[in-house]
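Since the structure comes first, as structure tokens, the remarks are kept for the end.
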Amino acid sequence: MILVGSLWASAQSVRIDLEPVIASGLNQPLYLTNAHDRTGRRFVVEQPGRISVMQSGSSTRTTFLDITGRVLSGGERGLLGLAFHPQFASNRRFFVDYTRRPDGATVIAEYHVSTSNPNVAQASETVLLLIPQPYENHNGGMIEFGPDGYLYIGMGDGGSGNDPENRAQNPNELLGKILRIDVDRGAPPPTNPYADGLAGRREIYAIGLRNPWRFSFDRATGQLYVGDVRQNQREEVDIVTAGGNYGWRVFKGTRCTNLGPASCSTPGFLPPITEYDHSTNGRCSITGGYVYRGTQQSLPYGAYVYGDYCSGEIFMLEAGVQSVLIHTTLSITSFGEDESGELYVVGQRGSVFRIKNPDADTGSTRGFGFADHGSFSMRTAGQSNLVLGYARIQASSGASLPAGMAVFGYRQNGILVSEASAPLMPLISSGRIDAVDTAVAITNPNAEAVTLNFYFTDAAGNNFGQGSTILPPNSGVAAFLDQPPFSAPRGSVATFTFTSTLLVSALALRGIF
């Protein structure tokens, strides 16, 4: 028996908005991606055979590649996937997955960008793989480079219903699989499960998939998340690893199909990390998404975001619990990720949206009224109430008095580790604080530059690490004391002393991490 959690919860604590990037005008868009070349460009794949490019900060589209003459489009066929080589910025290579005229075979082909115009592709292609398709549906279509530098290819089971020829479980067939090839060597990697070719096709990475329409790699962990479209009432998300068998056609999600030929009690089938059924809101087909690793607080860091093509719902999987983030009227064909890790939603009727969090606090300036002078202290582990420093928050005239303000926070892997809130403080010209696991934020509110001199003192009373830094007018520095410009050896048991040529505001924060 395969057991898997499929808990649902309300996502009331997370709100998202969809900000239009392209409101309309695309012809059956299926995918959005970036070139990983630090240009900030976004590329949109349209099913009939066209790829458009948008420059950073712009929604204006120009044609990057048009292969409509080669593509058999309609239903689940068409130009389905796009991936840029990890060294695309220097070698100009990118790859596509499309359905070929006239026979409907799947083509994995290589193209190059023009040497004279980086926003236009050359017309010539090199075919890397040609995979016959027995039926019109379940073509897969996703391609993407993994953190290992290899190209991963999602192949459906060949179509019809119930995988009539049992292709997904057959290691001598490329259908119903995740494939992996080395485009630089022109061969499968030697670490593929059937690399010797004796027990199965050398290109195979994992088996037992029905239609892995969209997958992605978590850019922080490298894990491969696959949204696999299962049959009749079940959809699933798998974390796919080399040599894994994900159950189709023996299982759909965690349900036994009784289709055989293997028994559902046969060991070795890997369950999904989550699944859902079709009983709510007209759900019918999962659209795999991405683990959020962006910086704009659009979503919880590390949450997996995905959707359903028919219901238009966008889901989130966090800590093993599924929730519905938003109900849309979109036929969601894909999600996309830009270079900064922010996520997009693609609607089949011609639109692209950026996922935004209306509650995200990304600003750096706040207006507050003036408060009475006070002091700031913080109790630290193993010590009495230790005074760490002083801070002064400059406020806008006429604004109401705040109870406090978070003036320094420390995040590690996107998780807030520590944060301080301080009332308004007098300006100071010198200070001394404990330097162990401590950060300082020192601000120059003056109309002229300030020189900040500092040094450390060890337990024996010896000074070391003398230095200075200049704070321009109305600017500051915020860093842990083992980071520049202070640069104490990490773990130093010492105090930090500073003096300033003019009055400054200062805050110290100790974090245990």
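Naming works like this for the structure tokens: A, B, ... for the chains as they're shown, residue 1 at the start of each chain, ligands 1 onward in shown order.
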Query raised in the report: Could you pull out all residues of segment 164-328 of chain A with a DSSP call of strand (DSSP E or B) and give them as number ranges by chain?
Result: A: 177-182, 187, 204-207, 214-217, 224-229, 234-240, 245, 251-252, 255-256, 269, 274-277, 286-291, 304-308, 313-318, 321-327
Take the residues just selected and output them with C-alpha atoms as a PDB file, in the first residue's frame.
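Listing of part08.pdb after writing:
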ATOM      1  CA  LYS A 177       9.326   8.760 -18.837  1.00  0.00           C
ATOM      2  CA  ILE A 178      11.584  11.583 -17.749  1.00  0.00           C
ATOM      3  CA  LEU A 179      14.600  11.459 -20.071  1.00  0.00           C
ATOM      4  CA  ARG A 180      18.040  12.966 -19.476  1.00  0.00           C
ATOM      5  CA  ILE A 181      20.660  13.669 -22.139  1.00  0.00           C
ATOM      6  CA  ASP A 182      24.037  15.389 -22.307  1.00  0.00           C
ATOM      7  CA  ALA A 187      24.819  11.135 -25.641  1.00  0.00           C
ATOM      8  CA  ILE A 204      15.757   7.179 -19.416  1.00  0.00           C
ATOM      9  CA  TYR A 205      16.062   8.960 -16.058  1.00  0.00           C
ATOM     10  CA  ALA A 206      12.772   7.846 -14.412  1.00  0.00           C
ATOM     11  CA  ILE A 207       9.746   5.756 -15.446  1.00  0.00           C
ATOM     12  CA  ARG A 214       5.282  20.737 -16.560  1.00  0.00           C
ATOM     13  CA  PHE A 215       8.205  20.222 -14.197  1.00  0.00           C
ATOM     14  CA  SER A 216      10.840  22.410 -12.580  1.00  0.00           C
ATOM     15  CA  PHE A 217      13.970  22.302 -10.468  1.00  0.00           C
ATOM     16  CA  LEU A 224      12.965  17.943  -9.507  1.00  0.00           C
ATOM     17  CA  TYR A 225       9.236  18.649  -8.983  1.00  0.00           C
ATOM     18  CA  VAL A 226       6.946  17.080 -11.593  1.00  0.00           C
ATOM     19  CA  GLY A 227       3.235  17.739 -12.038  1.00  0.00           C
ATOM     20  CA  ASP A 228       1.981  14.515 -13.618  1.00  0.00           C
ATOM     21  CA  VAL A 229      -1.486  14.541 -15.212  1.00  0.00           C
ATOM     22  CA  ARG A 234      -6.464  12.003  -9.648  1.00  0.00           C
ATOM     23  CA  GLU A 235      -3.659  14.525 -10.158  1.00  0.00           C
ATOM     24  CA  GLU A 236      -0.258  14.328  -8.506  1.00  0.00           C
ATOM     25  CA  VAL A 237       3.045  16.033  -7.739  1.00  0.00           C
ATOM     26  CA  ASP A 238       6.200  13.908  -7.611  1.00  0.00           C
ATOM     27  CA  ILE A 239       9.762  14.616  -6.582  1.00  0.00           C
ATOM     28  CA  VAL A 240      11.558  12.637  -9.257  1.00  0.00           C
ATOM     29  CA  ASN A 245       9.248   4.392 -10.785  1.00  0.00           C
ATOM     30  CA  PHE A 251      -1.278   3.599  -9.837  1.00  0.00           C
ATOM     31  CA  LYS A 252      -2.957   6.929 -10.419  1.00  0.00           C
ATOM     32  CA  ARG A 255      -5.074   4.690  -6.026  1.00  0.00           C
ATOM     33  CA  CYS A 256      -4.610   1.246  -7.536  1.00  0.00           C
ATOM     34  CA  PHE A 269       6.579   2.210  -6.757  1.00  0.00           C
ATOM     35  CA  THR A 274       0.779  15.279  -2.783  1.00  0.00           C
ATOM     36  CA  GLU A 275      -2.301  14.614  -4.901  1.00  0.00           C
ATOM     37  CA  TYR A 276      -5.818  15.926  -5.412  1.00  0.00           C
ATOM     38  CA  ASP A 277      -9.034  14.673  -6.985  1.00  0.00           C
ATOM     39  CA  ILE A 286      -2.623  19.563 -13.006  1.00  0.00           C
ATOM     40  CA  THR A 287      -0.238  22.231 -14.276  1.00  0.00           C
ATOM     41  CA  GLY A 288       3.083  21.838 -12.479  1.00  0.00           C
ATOM     42  CA  GLY A 289       4.783  24.965 -11.173  1.00  0.00           C
ATOM     43  CA  TYR A 290       7.772  26.124  -9.152  1.00  0.00           C
ATOM     44  CA  VAL A 291       9.223  26.289  -5.673  1.00  0.00           C
ATOM     45  CA  TYR A 304       5.636  24.936  -4.193  1.00  0.00           C
ATOM     46  CA  VAL A 305       3.075  26.709  -6.405  1.00  0.00           C
ATOM     47  CA  TYR A 306       1.019  24.916  -9.087  1.00  0.00           C
ATOM     48  CA  GLY A 307      -2.472  24.974 -10.585  1.00  0.00           C
ATOM     49  CA  ASP A 308      -5.293  23.231 -12.393  1.00  0.00           C
ATOM     50  CA  GLU A 313      -7.177  27.521  -9.255  1.00  0.00           C
ATOM     51  CA  ILE A 314      -3.638  28.276  -8.114  1.00  0.00           C
ATOM     52  CA  PHE A 315      -2.475  25.997  -5.316  1.00  0.00           C
ATOM     53  CA  MET A 316       0.347  26.134  -2.795  1.00  0.00           C
ATOM     54  CA  LEU A 317       2.056  23.193  -1.105  1.00  0.00           C
ATOM     55  CA  GLU A 318       3.853  24.200   2.083  1.00  0.00           C
ATOM     56  CA  VAL A 321      -0.295  20.970   3.291  1.00  0.00           C
ATOM     57  CA  GLN A 322      -2.115  22.018   0.113  1.00  0.00           C
ATOM     58  CA  SER A 323      -4.109  25.234  -0.019  1.00  0.00           C
ATOM     59  CA  VAL A 324      -5.908  27.261  -2.656  1.00  0.00           C
ATOM     60  CA  LEU A 325      -4.255  30.640  -3.138  1.00  0.00           C
ATOM     61  CA  ILE A 326      -6.713  32.093  -5.630  1.00  0.00           C
ATOM     62  CA  HIS A 327      -9.541  31.157  -7.989  1.00  0.00           C
TER      63      HIS A 327
END
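Of all the residues in segment 63-120 of chain A, the ones DSSP labels as alpha helix (DSSP H) from the backbone are Phe88, Ala89, Ser90 and Asn91 of chain A.
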Residues near segment 157-168 of chain A, cut-off 8 Å, only C-alpha atoms, skip fewer than 2 positions along chain, as a JSON list (two decimals) with N, CA and C atoms, in the first residue's frame:
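Writing the result to result-v4.json gives the following:
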[["chain", "number", "residue", "atom", "x", "y", "z"],
["A", 133, "GLN", "N", 5.10, 9.11, -31.99],
["A", 133, "GLN", "CA", 3.95, 9.16, -31.08],
["A", 133, "GLN", "C", 2.81, 8.32, -31.67],
["A", 134, "PRO", "N", 2.32, 7.33, -30.92],
["A", 134, "PRO", "CA", 1.28, 6.45, -31.45],
["A", 134, "PRO", "C", -0.10, 7.09, -31.49],
["A", 135, "TYR", "N", -0.34, 8.09, -30.61],
["A", 135, "TYR", "CA", -1.64, 8.76, -30.56],
["A", 135, "TYR", "C", -1.42, 10.27, -30.51],
["A", 136, "GLU", "N", -2.52, 11.02, -30.51],
["A", 136, "GLU", "CA", -2.41, 12.47, -30.58],
["A", 136, "GLU", "C", -2.20, 13.12, -29.23],
["A", 137, "ASN", "N", -2.54, 12.46, -28.14],
["A", 137, "ASN", "CA", -2.48, 13.10, -26.82],
["A", 137, "ASN", "C", -1.30, 12.56, -26.00],
["A", 138, "HIS", "N", -1.11, 13.18, -24.84],
["A", 138, "HIS", "CA", -0.05, 12.82, -23.89],
["A", 138, "HIS", "C", 1.33, 12.93, -24.53],
["A", 139, "ASN", "N", 1.61, 14.09, -25.06],
["A", 139, "ASN", "CA", 2.91, 14.34, -25.68],
["A", 139, "ASN", "C", 3.97, 14.82, -24.69],
["A", 155, "MET", "N", 8.23, 13.12, -21.20],
["A", 155, "MET", "CA", 7.51, 12.40, -22.25],
["A", 155, "MET", "C", 6.26, 11.74, -21.68],
["A", 170, "ASN", "N", 7.49, 0.25, -19.38],
["A", 170, "ASN", "CA", 8.41, -0.50, -20.23],
["A", 170, "ASN", "C", 9.72, 0.29, -20.39],
["A", 171, "PRO", "N", 10.83, -0.18, -19.82],
["A", 171, "PRO", "CA", 12.09, 0.57, -19.91],
["A", 171, "PRO", "C", 12.73, 0.55, -21.30],
["A", 173, "GLU", "N", 10.96, 1.59, -23.85],
["A", 173, "GLU", "CA", 10.22, 2.65, -24.53],
["A", 173, "GLU", "C", 10.60, 3.99, -23.91],
["A", 174, "LEU", "N", 10.65, 5.05, -24.73],
["A", 174, "LEU", "CA", 10.94, 6.38, -24.21],
["A", 174, "LEU", "C", 9.69, 7.12, -23.74],
["A", 175, "LEU", "N", 8.52, 6.57, -24.02],
["A", 175, "LEU", "CA", 7.27, 7.21, -23.64],
["A", 175, "LEU", "C", 6.92, 6.89, -22.19],
["A", 176, "GLY", "N", 6.27, 7.88, -21.52],
["A", 176, "GLY", "CA", 5.91, 7.71, -20.12],
["A", 176, "GLY", "C", 7.10, 7.84, -19.19],
["A", 177, "LYS", "N", 8.06, 8.68, -19.56],
["A", 177, "LYS", "CA", 9.33, 8.76, -18.84],
["A", 177, "LYS", "C", 9.76, 10.22, -18.64],
["A", 207, "ILE", "N", 10.83, 6.38, -14.69],
["A", 207, "ILE", "CA", 9.75, 5.76, -15.45],
["A", 207, "ILE", "C", 8.44, 5.88, -14.67],
["A", 208, "GLY", "N", 7.34, 5.46, -15.34],
["A", 208, "GLY", "CA", 6.04, 5.40, -14.67],
["A", 208, "GLY", "C", 5.30, 6.71, -14.62],
["A", 209, "LEU", "N", 5.46, 7.56, -15.64],
["A", 209, "LEU", "CA", 4.74, 8.84, -15.71],
["A", 209, "LEU", "C", 3.65, 8.74, -16.78],
["A", 210, "ARG", "N", 2.54, 9.43, -16.57],
["A", 210, "ARG", "CA", 1.45, 9.41, -17.57],
["A", 210, "ARG", "C", 1.57, 10.59, -18.54],
["A", 211, "ASN", "N", 1.63, 11.81, -18.00],
["A", 211, "ASN", "CA", 1.84, 12.98, -18.85],
["A", 211, "ASN", "C", 2.47, 14.09, -18.02],
["A", 231, "GLN", "N", -5.09, 9.99, -14.60],
["A", 231, "GLN", "CA", -6.33, 9.70, -15.33],
["A", 231, "GLN", "C", -7.52, 9.57, -14.38],
["A", 248, "TRP", "N", 2.53, 4.85, -12.77],
["A", 248, "TRP", "CA", 1.56, 4.69, -13.85],
["A", 248, "TRP", "C", 1.98, 3.54, -14.78],
["A", 249, "ARG", "N", 1.13, 2.60, -15.20],
["A", 249, "ARG", "CA", -0.31, 2.65, -15.13],
["A", 249, "ARG", "C", -0.87, 1.82, -13.98],
["A", 259, "LEU", "N", -5.07, -2.08, -13.51],
["A", 259, "LEU", "CA", -4.80, -2.25, -14.93],
["A", 259, "LEU", "C", -3.65, -3.23, -15.19]]
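Using only C-alpha atoms, the nearest neighbour of Asp482 of chain A within the list A:Ser340, A:Thr438, A:Ser505, A:Gln223 is A:Thr438.
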Report task. For segment 442-450 of chain A, list every protein, DNA or RNA residue within 7 Å, evaluated using only C-alpha atoms, and leave out those in the same chain fewer than 2 positions away; present the list as number ranges by chain. Result -> A: 440, 452, 470-478, 500-502, 504-507
How would the residues just chosen look if you wrote them out with N, CA and C atoms as a PDB file, in the first residue's frame?
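Generated output (out_16.pdb):
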ATOM      1  N   VAL A 440      25.220  45.521  13.580  1.00  0.00           N
ATOM      2  CA  VAL A 440      24.991  46.935  13.877  1.00  0.00           C
ATOM      3  C   VAL A 440      24.389  47.614  12.662  1.00  0.00           C
ATOM      4  N   LEU A 452      33.551  57.027  10.437  1.00  0.00           N
ATOM      5  CA  LEU A 452      33.303  56.120  11.547  1.00  0.00           C
ATOM      6  C   LEU A 452      34.576  55.316  11.786  1.00  0.00           C
ATOM      7  N   ILE A 470      33.524  55.518   5.753  1.00  0.00           N
ATOM      8  CA  ILE A 470      32.875  56.817   5.564  1.00  0.00           C
ATOM      9  C   ILE A 470      31.406  56.592   5.239  1.00  0.00           C
ATOM     10  N   LEU A 471      30.542  57.292   5.988  1.00  0.00           N
ATOM     11  CA  LEU A 471      29.113  57.248   5.729  1.00  0.00           C
ATOM     12  C   LEU A 471      28.727  58.539   5.018  1.00  0.00           C
ATOM     13  N   PRO A 472      28.295  58.481   3.769  1.00  0.00           N
ATOM     14  CA  PRO A 472      27.862  59.691   3.062  1.00  0.00           C
ATOM     15  C   PRO A 472      26.661  60.319   3.755  1.00  0.00           C
ATOM     16  N   PRO A 473      26.316  61.552   3.406  1.00  0.00           N
ATOM     17  CA  PRO A 473      25.152  62.213   4.010  1.00  0.00           C
ATOM     18  C   PRO A 473      23.885  61.390   3.831  1.00  0.00           C
ATOM     19  N   ASN A 474      23.081  61.306   4.891  1.00  0.00           N
ATOM     20  CA  ASN A 474      21.783  60.629   4.858  1.00  0.00           C
ATOM     21  C   ASN A 474      21.887  59.181   4.363  1.00  0.00           C
ATOM     22  N   SER A 475      22.894  58.495   4.829  1.00  0.00           N
ATOM     23  CA  SER A 475      23.057  57.089   4.470  1.00  0.00           C
ATOM     24  C   SER A 475      23.586  56.342   5.681  1.00  0.00           C
ATOM     25  N   GLY A 476      23.751  55.027   5.532  1.00  0.00           N
ATOM     26  CA  GLY A 476      24.205  54.259   6.678  1.00  0.00           C
ATOM     27  C   GLY A 476      24.828  52.951   6.273  1.00  0.00           C
ATOM     28  N   VAL A 477      25.196  52.160   7.277  1.00  0.00           N
ATOM     29  CA  VAL A 477      25.760  50.843   7.072  1.00  0.00           C
ATOM     30  C   VAL A 477      25.034  49.887   8.007  1.00  0.00           C
ATOM     31  N   ALA A 478      24.765  48.679   7.531  1.00  0.00           N
ATOM     32  CA  ALA A 478      24.126  47.657   8.351  1.00  0.00           C
ATOM     33  C   ALA A 478      24.761  46.318   8.007  1.00  0.00           C
ATOM     34  N   SER A 500      32.494  58.441  16.144  1.00  0.00           N
ATOM     35  CA  SER A 500      32.057  59.098  14.928  1.00  0.00           C
ATOM     36  C   SER A 500      32.419  60.572  14.981  1.00  0.00           C
ATOM     37  N   THR A 501      32.746  61.145  13.833  1.00  0.00           N
ATOM     38  CA  THR A 501      33.115  62.563  13.776  1.00  0.00           C
ATOM     39  C   THR A 501      31.903  63.475  13.931  1.00  0.00           C
ATOM     40  N   LEU A 502      30.704  62.957  13.729  1.00  0.00           N
ATOM     41  CA  LEU A 502      29.465  63.682  13.965  1.00  0.00           C
ATOM     42  C   LEU A 502      28.471  62.734  14.634  1.00  0.00           C
ATOM     43  N   VAL A 504      25.515  60.278  15.208  1.00  0.00           N
ATOM     44  CA  VAL A 504      24.867  59.282  14.369  1.00  0.00           C
ATOM     45  C   VAL A 504      23.828  58.532  15.205  1.00  0.00           C
ATOM     46  N   SER A 505      22.959  57.799  14.529  1.00  0.00           N
ATOM     47  CA  SER A 505      22.077  56.874  15.235  1.00  0.00           C
ATOM     48  C   SER A 505      22.642  55.468  15.059  1.00  0.00           C
ATOM     49  N   ALA A 506      22.493  54.631  16.089  1.00  0.00           N
ATOM     50  CA  ALA A 506      23.077  53.293  16.038  1.00  0.00           C
ATOM     51  C   ALA A 506      22.162  52.297  16.719  1.00  0.00           C
ATOM     52  N   LEU A 507      22.103  51.137  16.144  1.00  0.00           N
ATOM     53  CA  LEU A 507      21.352  50.032  16.718  1.00  0.00           C
ATOM     54  C   LEU A 507      22.202  48.785  16.625  1.00  0.00           C
TER      55      LEU A 507
END
Query - Neighbour list for Phe84 of chain A as a PyMOL selection string, cut-off 10 Å, only C-alpha atoms, skip fewer than 4 positions in-chain - result: chain A and resi 33-37+88-89+92-96+110-112+143-145+151
For the selection you just gave me, I'd like the residues written to a file as a PDB file, in the first residue's frame, keeping N, CA and C atoms.
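part.pdb, freshly written:
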ATOM      1  N   THR A  33       9.673  31.519 -19.779  1.00  0.00           N
ATOM      2  CA  THR A  33      10.940  31.205 -19.129  1.00  0.00           C
ATOM      3  C   THR A  33      11.924  32.341 -19.353  1.00  0.00           C
ATOM      4  N   ASN A  34      13.128  32.159 -18.836  1.00  0.00           N
ATOM      5  CA  ASN A  34      14.198  33.142 -19.025  1.00  0.00           C
ATOM      6  C   ASN A  34      15.448  32.432 -19.516  1.00  0.00           C
ATOM      7  N   ALA A  35      16.409  33.222 -19.958  1.00  0.00           N
ATOM      8  CA  ALA A  35      17.615  32.649 -20.574  1.00  0.00           C
ATOM      9  C   ALA A  35      18.760  32.460 -19.591  1.00  0.00           C
ATOM     10  N   HIS A  36      18.590  32.835 -18.328  1.00  0.00           N
ATOM     11  CA  HIS A  36      19.639  32.687 -17.313  1.00  0.00           C
ATOM     12  C   HIS A  36      20.943  33.382 -17.754  1.00  0.00           C
ATOM     13  N   ASP A  37      20.807  34.489 -18.464  1.00  0.00           N
ATOM     14  CA  ASP A  37      21.999  35.171 -18.987  1.00  0.00           C
ATOM     15  C   ASP A  37      22.171  36.572 -18.422  1.00  0.00           C
ATOM     16  N   PHE A  88      24.387  29.665 -22.202  1.00  0.00           N
ATOM     17  CA  PHE A  88      23.763  30.336 -23.341  1.00  0.00           C
ATOM     18  C   PHE A  88      24.385  31.703 -23.620  1.00  0.00           C
ATOM     19  N   ALA A  89      24.752  32.439 -22.590  1.00  0.00           N
ATOM     20  CA  ALA A  89      25.305  33.774 -22.786  1.00  0.00           C
ATOM     21  C   ALA A  89      26.556  33.753 -23.650  1.00  0.00           C
ATOM     22  N   ARG A  92      25.285  30.628 -27.170  1.00  0.00           N
ATOM     23  CA  ARG A  92      24.112  30.985 -27.983  1.00  0.00           C
ATOM     24  C   ARG A  92      23.199  29.801 -28.269  1.00  0.00           C
ATOM     25  N   ARG A  93      23.284  28.704 -27.507  1.00  0.00           N
ATOM     26  CA  ARG A  93      22.523  27.490 -27.793  1.00  0.00           C
ATOM     27  C   ARG A  93      21.236  27.442 -26.967  1.00  0.00           C
ATOM     28  N   PHE A  94      20.136  27.059 -27.614  1.00  0.00           N
ATOM     29  CA  PHE A  94      18.900  26.777 -26.891  1.00  0.00           C
ATOM     30  C   PHE A  94      18.187  25.629 -27.578  1.00  0.00           C
ATOM     31  N   PHE A  95      17.151  25.090 -26.898  1.00  0.00           N
ATOM     32  CA  PHE A  95      16.549  23.831 -27.322  1.00  0.00           C
ATOM     33  C   PHE A  95      15.028  23.932 -27.240  1.00  0.00           C
ATOM     34  N   VAL A  96      14.356  23.230 -28.131  1.00  0.00           N
ATOM     35  CA  VAL A  96      12.897  23.239 -28.160  1.00  0.00           C
ATOM     36  C   VAL A  96      12.362  21.820 -28.248  1.00  0.00           C
ATOM     37  N   GLU A 110      17.978  21.540 -31.433  1.00  0.00           N
ATOM     38  CA  GLU A 110      18.857  22.627 -30.980  1.00  0.00           C
ATOM     39  C   GLU A 110      18.830  23.765 -31.998  1.00  0.00           C
ATOM     40  N   TYR A 111      18.810  24.993 -31.467  1.00  0.00           N
ATOM     41  CA  TYR A 111      18.893  26.202 -32.271  1.00  0.00           C
ATOM     42  C   TYR A 111      19.975  27.110 -31.694  1.00  0.00           C
ATOM     43  N   HIS A 112      20.329  28.138 -32.466  1.00  0.00           N
ATOM     44  CA  HIS A 112      21.304  29.129 -32.029  1.00  0.00           C
ATOM     45  C   HIS A 112      20.748  30.534 -32.232  1.00  0.00           C
ATOM     46  N   ILE A 143      10.900  20.685 -21.237  1.00  0.00           N
ATOM     47  CA  ILE A 143      12.341  20.432 -21.225  1.00  0.00           C
ATOM     48  C   ILE A 143      12.991  21.492 -20.344  1.00  0.00           C
ATOM     49  N   GLU A 144      14.031  21.104 -19.638  1.00  0.00           N
ATOM     50  CA  GLU A 144      14.736  22.039 -18.764  1.00  0.00           C
ATOM     51  C   GLU A 144      16.086  21.460 -18.389  1.00  0.00           C
ATOM     52  N   PHE A 145      17.058  22.332 -18.230  1.00  0.00           N
ATOM     53  CA  PHE A 145      18.372  21.896 -17.771  1.00  0.00           C
ATOM     54  C   PHE A 145      18.369  21.788 -16.254  1.00  0.00           C
ATOM     55  N   LEU A 151      20.139  18.000 -19.943  1.00  0.00           N
ATOM     56  CA  LEU A 151      18.808  18.376 -20.391  1.00  0.00           C
ATOM     57  C   LEU A 151      17.812  17.283 -20.020  1.00  0.00           C
TER      58      LEU A 151
END
All residues 6 Å or closer to Tyr98 of chain A, only C-alpha atoms, same chain fewer than 3 positions away omitted, as a PDB file with N, CA and C atoms, in the first residue's frame:
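In the end it all went to result01.pdb:
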ATOM      1  N   GLY A  78       2.035  20.639 -30.630  1.00  0.00           N
ATOM      2  CA  GLY A  78       2.484  21.984 -30.952  1.00  0.00           C
ATOM      3  C   GLY A  78       3.914  22.204 -30.513  1.00  0.00           C
ATOM      4  N   LEU A  79       4.298  23.483 -30.456  1.00  0.00           N
ATOM      5  CA  LEU A  79       5.571  23.862 -29.846  1.00  0.00           C
ATOM      6  C   LEU A  79       5.335  23.887 -28.346  1.00  0.00           C
ATOM      7  N   LEU A  80       5.941  22.967 -27.632  1.00  0.00           N
ATOM      8  CA  LEU A  80       5.558  22.689 -26.246  1.00  0.00           C
ATOM      9  C   LEU A  80       6.601  23.078 -25.206  1.00  0.00           C
ATOM     10  N   THR A 106       7.517  13.544 -31.787  1.00  0.00           N
ATOM     11  CA  THR A 106       8.146  14.542 -30.924  1.00  0.00           C
ATOM     12  C   THR A 106       9.578  14.781 -31.374  1.00  0.00           C
ATOM     13  N   VAL A 107       9.933  16.060 -31.510  1.00  0.00           N
ATOM     14  CA  VAL A 107      11.277  16.458 -31.905  1.00  0.00           C
ATOM     15  C   VAL A 107      11.911  17.257 -30.772  1.00  0.00           C
TER      16      VAL A 107
END
Requested in this report: Between A:Tyr31, A:Leu65, A:Ser331, A:Ala360, single out the one closest to Gly347 of chain A, counting only C-alpha atoms.
Outcome: A:Ser331
